[in-house]
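Participant: Here it is, the structure in full.
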Amino acid sequence: MPTVAQSSTETDWVSRFADEVIAESERRAPGKPVVVASGLSPSGPIHLGNLREVMTPHLVADEIRRRGHEVRHLISWDDYDRYRKVPAGVAGIDESWAEHIGKPLTSVPAPAGSAHPNWAEHFKAAMTAALDELGVEYDGISQTEQYTSGAYREQILHAMKHRGDIDAILDQYRTKKGPAKKSQKPVDEAELEAAEGSGAAAEDDGSGGAGGYYPYKPYCGQCGKDLTTVTSYDDGTTELAYTCTACAFSETVRLSEFNRGKLVWKVDWPMRWAYEGVIFEPSGVDHSSPGSSFVVGGQIVRDIFDGVQPIGPMYAFVGISGMAKMSSSRGGVPTPADALKIMEAPLLRWLYARRRPNQSFKIAFDQEIQRLYDEWDKLAAKVEDGSVLPADAAAYSRAVRTAAGELPRTPRPLPYRTLASVVDITGGHDEQTLRILSDLDPANPLASLDEARPRLDRAENWITTQVPADQRTVVRAEPDTELLASLDDEGRESLRLLLEGLDTHWSLDGLTTLVYGVPKVMAGLEPDAKPTPELKTAQRSFFALLYRLLVGRETGPRLPTLLLAVGADRVRKLLAA
């Protein structure tokens with residue numbers, strides 16, 4: 001099997017970007033580590049659309065590491081951004097929290113019951129845990145620490161000195177059409193996107209000051225909010241005067257000594273590109289619009305900060321299919337943590353690795369997750385037997401391992417749909433689950449449920465959090481005597497053939513042969529006969545009868561799995577005509 005580095009660069013988007021980034025880094029900063037970057041705003045739950053902001057540079061950085069280069073993946077936690085609005089659906093949060101609007105996220109209290117010191121740290125924690133599970137190696141940078149420590153003081157003073165030039169650049173775009181409005185569809189249909197780098201795209205660009213244009217916003221010394229207006233600034237003394245529209249406080253400070261404020265977003269982002277020497281940073285689809293932060297930033301970083309804009313691929317939306325509202329107490333926006341409860345980390349990595357950044361895709365929380373796992377298992381089998389295509393091999397390799405090593409995986413990866421069916425029927429009872437899973441392959445029985453974990457746990461979480469109660473499988477306690485009595489001779493004979501063959505076919509493969517074979521025998525055919533349209537119709541009718549007799553409806557888990565889960569004795573009791 002070809003290695004990732006050997007895979008065709010014509011089909012593997014990660015390798016192509018790695019080639020480009022390495023070459024550009026050697027041109028800009030020879031001998032220094034390659035720098036790639038992401039930005040995340042912990043203003044609320046960090047969702048699966050935001051994860052693309054991280055996974056795209058992570059995959060490229062990991063490929064660069066595999067090739068032996070030193071690389072830094074910076075994640076800027078934009079925790080010094082303003083608290084813009086009270087998010088819907090966060091437990092314990094109501095409109096009284098509007099009093100904090102305008103404060104830095106690190107100055108807003110954490111939601112009630114949180115163990116974290118502030119709002120930003122509360123939402124960073126969940127994302128940090130998910131990134132650890134996904135094997136993402138990064139250097140985290142708190143923008144609160146950067147600004148309040150004075151790390152950017154020189155850059156702030158430089159921007160203020162060149163405020164007229166910045167204003168002129170921004171003015172080129174102010175009359176142009178802005179980014180399109182985001183979808184207002186429900187979360188299970190809508191596409192999730194990361195906001196422009198920091199979630200701060202809605203901030204003003206600093207143009208509203210009564211004393212002219214200023215690209216800097218102080219946080220008020222009295223109420224702590226950024227509802228301030230700079231009224232004057234002296235380049236020589238760096239004296240800055242401002243007033244607060246929220247509490248009427250005003251003061252004059254020396255910007256050369258003042259660390260309670262930040263550059264407005266469209267200046268802040270390009271400043272950081274130059275400060276950190278970023279070579280590669282992706283951006284959301286809105287950045288293709290005139291006047292977007294990425295477009296404007298390219299001119300500001302060049303003309304103001306004497307830097308170079310990063311290589312910045314535009315990434316497309318991430319869609320969600322079928323997330324049950326019951327599963328998210330945080331407003332229904334699915335997060336990486338939500339996804340990792342129902343799927344293993346390699347599978348989630350694969351979803352981001354196999355599609356080019358400009359291709360949209362969906363993450364399944366509904367029945368589609370079963371098909372997705374089937375596809376994943378087929379890919380693993382092709383990797384094992386050497387029949388996999390180079391690009392698919394590369395995506396698989398990036399999913400199951402990083403430059404640091406293999407990600408944890410299930411020792412015996414039984415089919416996800418089978419595991420889900422079993423825990424659905426058993427209610428997660430360990431002894432029954434082990435009995436059924438051991439019967440799947442009597443020649444090589446499962447010795448312990450740990451062999452099927454963590455996939456088994458993910459399937460159980462999916463059943464309990466994403467499958468509505470009315471779709472759960474409940475096996476009949478007693479036979480449906482009315483239905484059994486109404487059967488004609490053909491129906492009775494089909495049940496007799498099934499029951500007669502139970503003992504000799506008691507395995508997953510054996511029962512599959514049996515349930516598909518009974519209608520063939522009833523039609524006078526051999527059990528291995530090729531299916532015909534008429535035969536398929538007869539099989540569907542037979543299956544519907546079995547489902548009605550076993551679970552009281554016409555559909556359910558795959559019949560071989562259902563029969564194993566119910567057990568031979570109980571099957572005989574429920575089907576005896």
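Just so we're on the same page: first chain in the structure tokens is A, next is B, and so on; residues restart at 1 for each chain, and ligands are numbered from 1 in the order they show up.
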Could you give me, as a PyMOL selection string, the residues within 9 Å of Ala538 (chain A), counting only C-alpha atoms and dropping anything in the same chain fewer than 3 positions from it?
Facilitator: chain A and resi 519-520+523+533-535+541-543
Participant: Looking only at helix (DSSP H, G or I) from DSSP on the backbone, list the matching residues of region 408-524 of chain A as an MDAnalysis selection string.
Facilitator: chainID A and resid 416:426 430:439 449:452 455:466 469:471 481:485 489:501 503:505 508:522
Participant: Determine, counting only C-alpha atoms, which protein, DNA and RNA residues have an atom within 9 Å of an atom of Lys362 (chain A); residues of the same chain fewer than 3 positions away are not included. Present the result as a PDB file with C-alpha atoms, in the first residue's frame.
Facilitator:
ATOM      1  CA  GLU A 191     -25.056  23.865   6.856  1.00  0.00           C
ATOM      2  CA  PHE A 317     -20.086  24.249   4.672  1.00  0.00           C
ATOM      3  CA  VAL A 318     -20.494  21.204   6.863  1.00  0.00           C
ATOM      4  CA  GLY A 319     -24.053  19.871   6.926  1.00  0.00           C
ATOM      5  CA  ILE A 320     -25.811  17.839   9.600  1.00  0.00           C
ATOM      6  CA  SER A 321     -28.336  15.105   8.897  1.00  0.00           C
ATOM      7  CA  LEU A 351     -14.999  12.800   6.999  1.00  0.00           C
TER       8      LEU A 351
END
Participant: Would you pick out the contacts of Ile169 (chain A) at 9 Å or less, using only C-alpha atoms, so that residues sharing its chain but fewer than 4 positions from it are not included, and give the list as a PyMOL selection string?
Facilitator: chain A and resi 164-165+173+296+299-300
Participant: Can I get the selected residues back with N, CA and C atoms, as a PDB file, in the first residue's frame?
Facilitator:
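Saved to result_15.pdb:
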ATOM      1  N   GLY A 164      -5.003  56.435   9.090  1.00  0.00           N
ATOM      2  CA  GLY A 164      -5.531  57.028   7.857  1.00  0.00           C
ATOM      3  C   GLY A 164      -5.375  56.090   6.676  1.00  0.00           C
ATOM      4  N   ASP A 165      -4.231  55.406   6.597  1.00  0.00           N
ATOM      5  CA  ASP A 165      -4.004  54.451   5.512  1.00  0.00           C
ATOM      6  C   ASP A 165      -4.965  53.269   5.627  1.00  0.00           C
ATOM      7  N   TYR A 173     -13.885  49.156   0.288  1.00  0.00           N
ATOM      8  CA  TYR A 173     -14.820  48.027   0.329  1.00  0.00           C
ATOM      9  C   TYR A 173     -16.147  48.367   1.002  1.00  0.00           C
ATOM     10  N   VAL A 296      -9.941  41.899   2.655  1.00  0.00           N
ATOM     11  CA  VAL A 296      -9.412  43.175   3.143  1.00  0.00           C
ATOM     12  C   VAL A 296      -8.079  42.961   3.858  1.00  0.00           C
ATOM     13  N   GLN A 299      -4.778  43.034   1.877  1.00  0.00           N
ATOM     14  CA  GLN A 299      -4.227  44.339   1.542  1.00  0.00           C
ATOM     15  C   GLN A 299      -3.635  45.013   2.781  1.00  0.00           C
ATOM     16  N   ILE A 300      -4.296  44.847   3.928  1.00  0.00           N
ATOM     17  CA  ILE A 300      -3.798  45.489   5.161  1.00  0.00           C
ATOM     18  C   ILE A 300      -2.484  44.866   5.610  1.00  0.00           C
TER      19      ILE A 300
END
Participant: Which polymer residues have any atom within 7 Å of an atom of His47 (chain A), counting only C-alpha atoms, with same-chain residues fewer than 4 positions away left out, as a ChimeraX atom specification?
Facilitator: /A:51,333-336
Participant: Rank nothing, just name the residue among A:Arg398, A:Arg302, A:Lys536, A:His158 nearest to Thr56 (chain A), using only C-alpha atoms.
Facilitator: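 Selected residue with least distance to Thr56 (chain A): A:Arg398.
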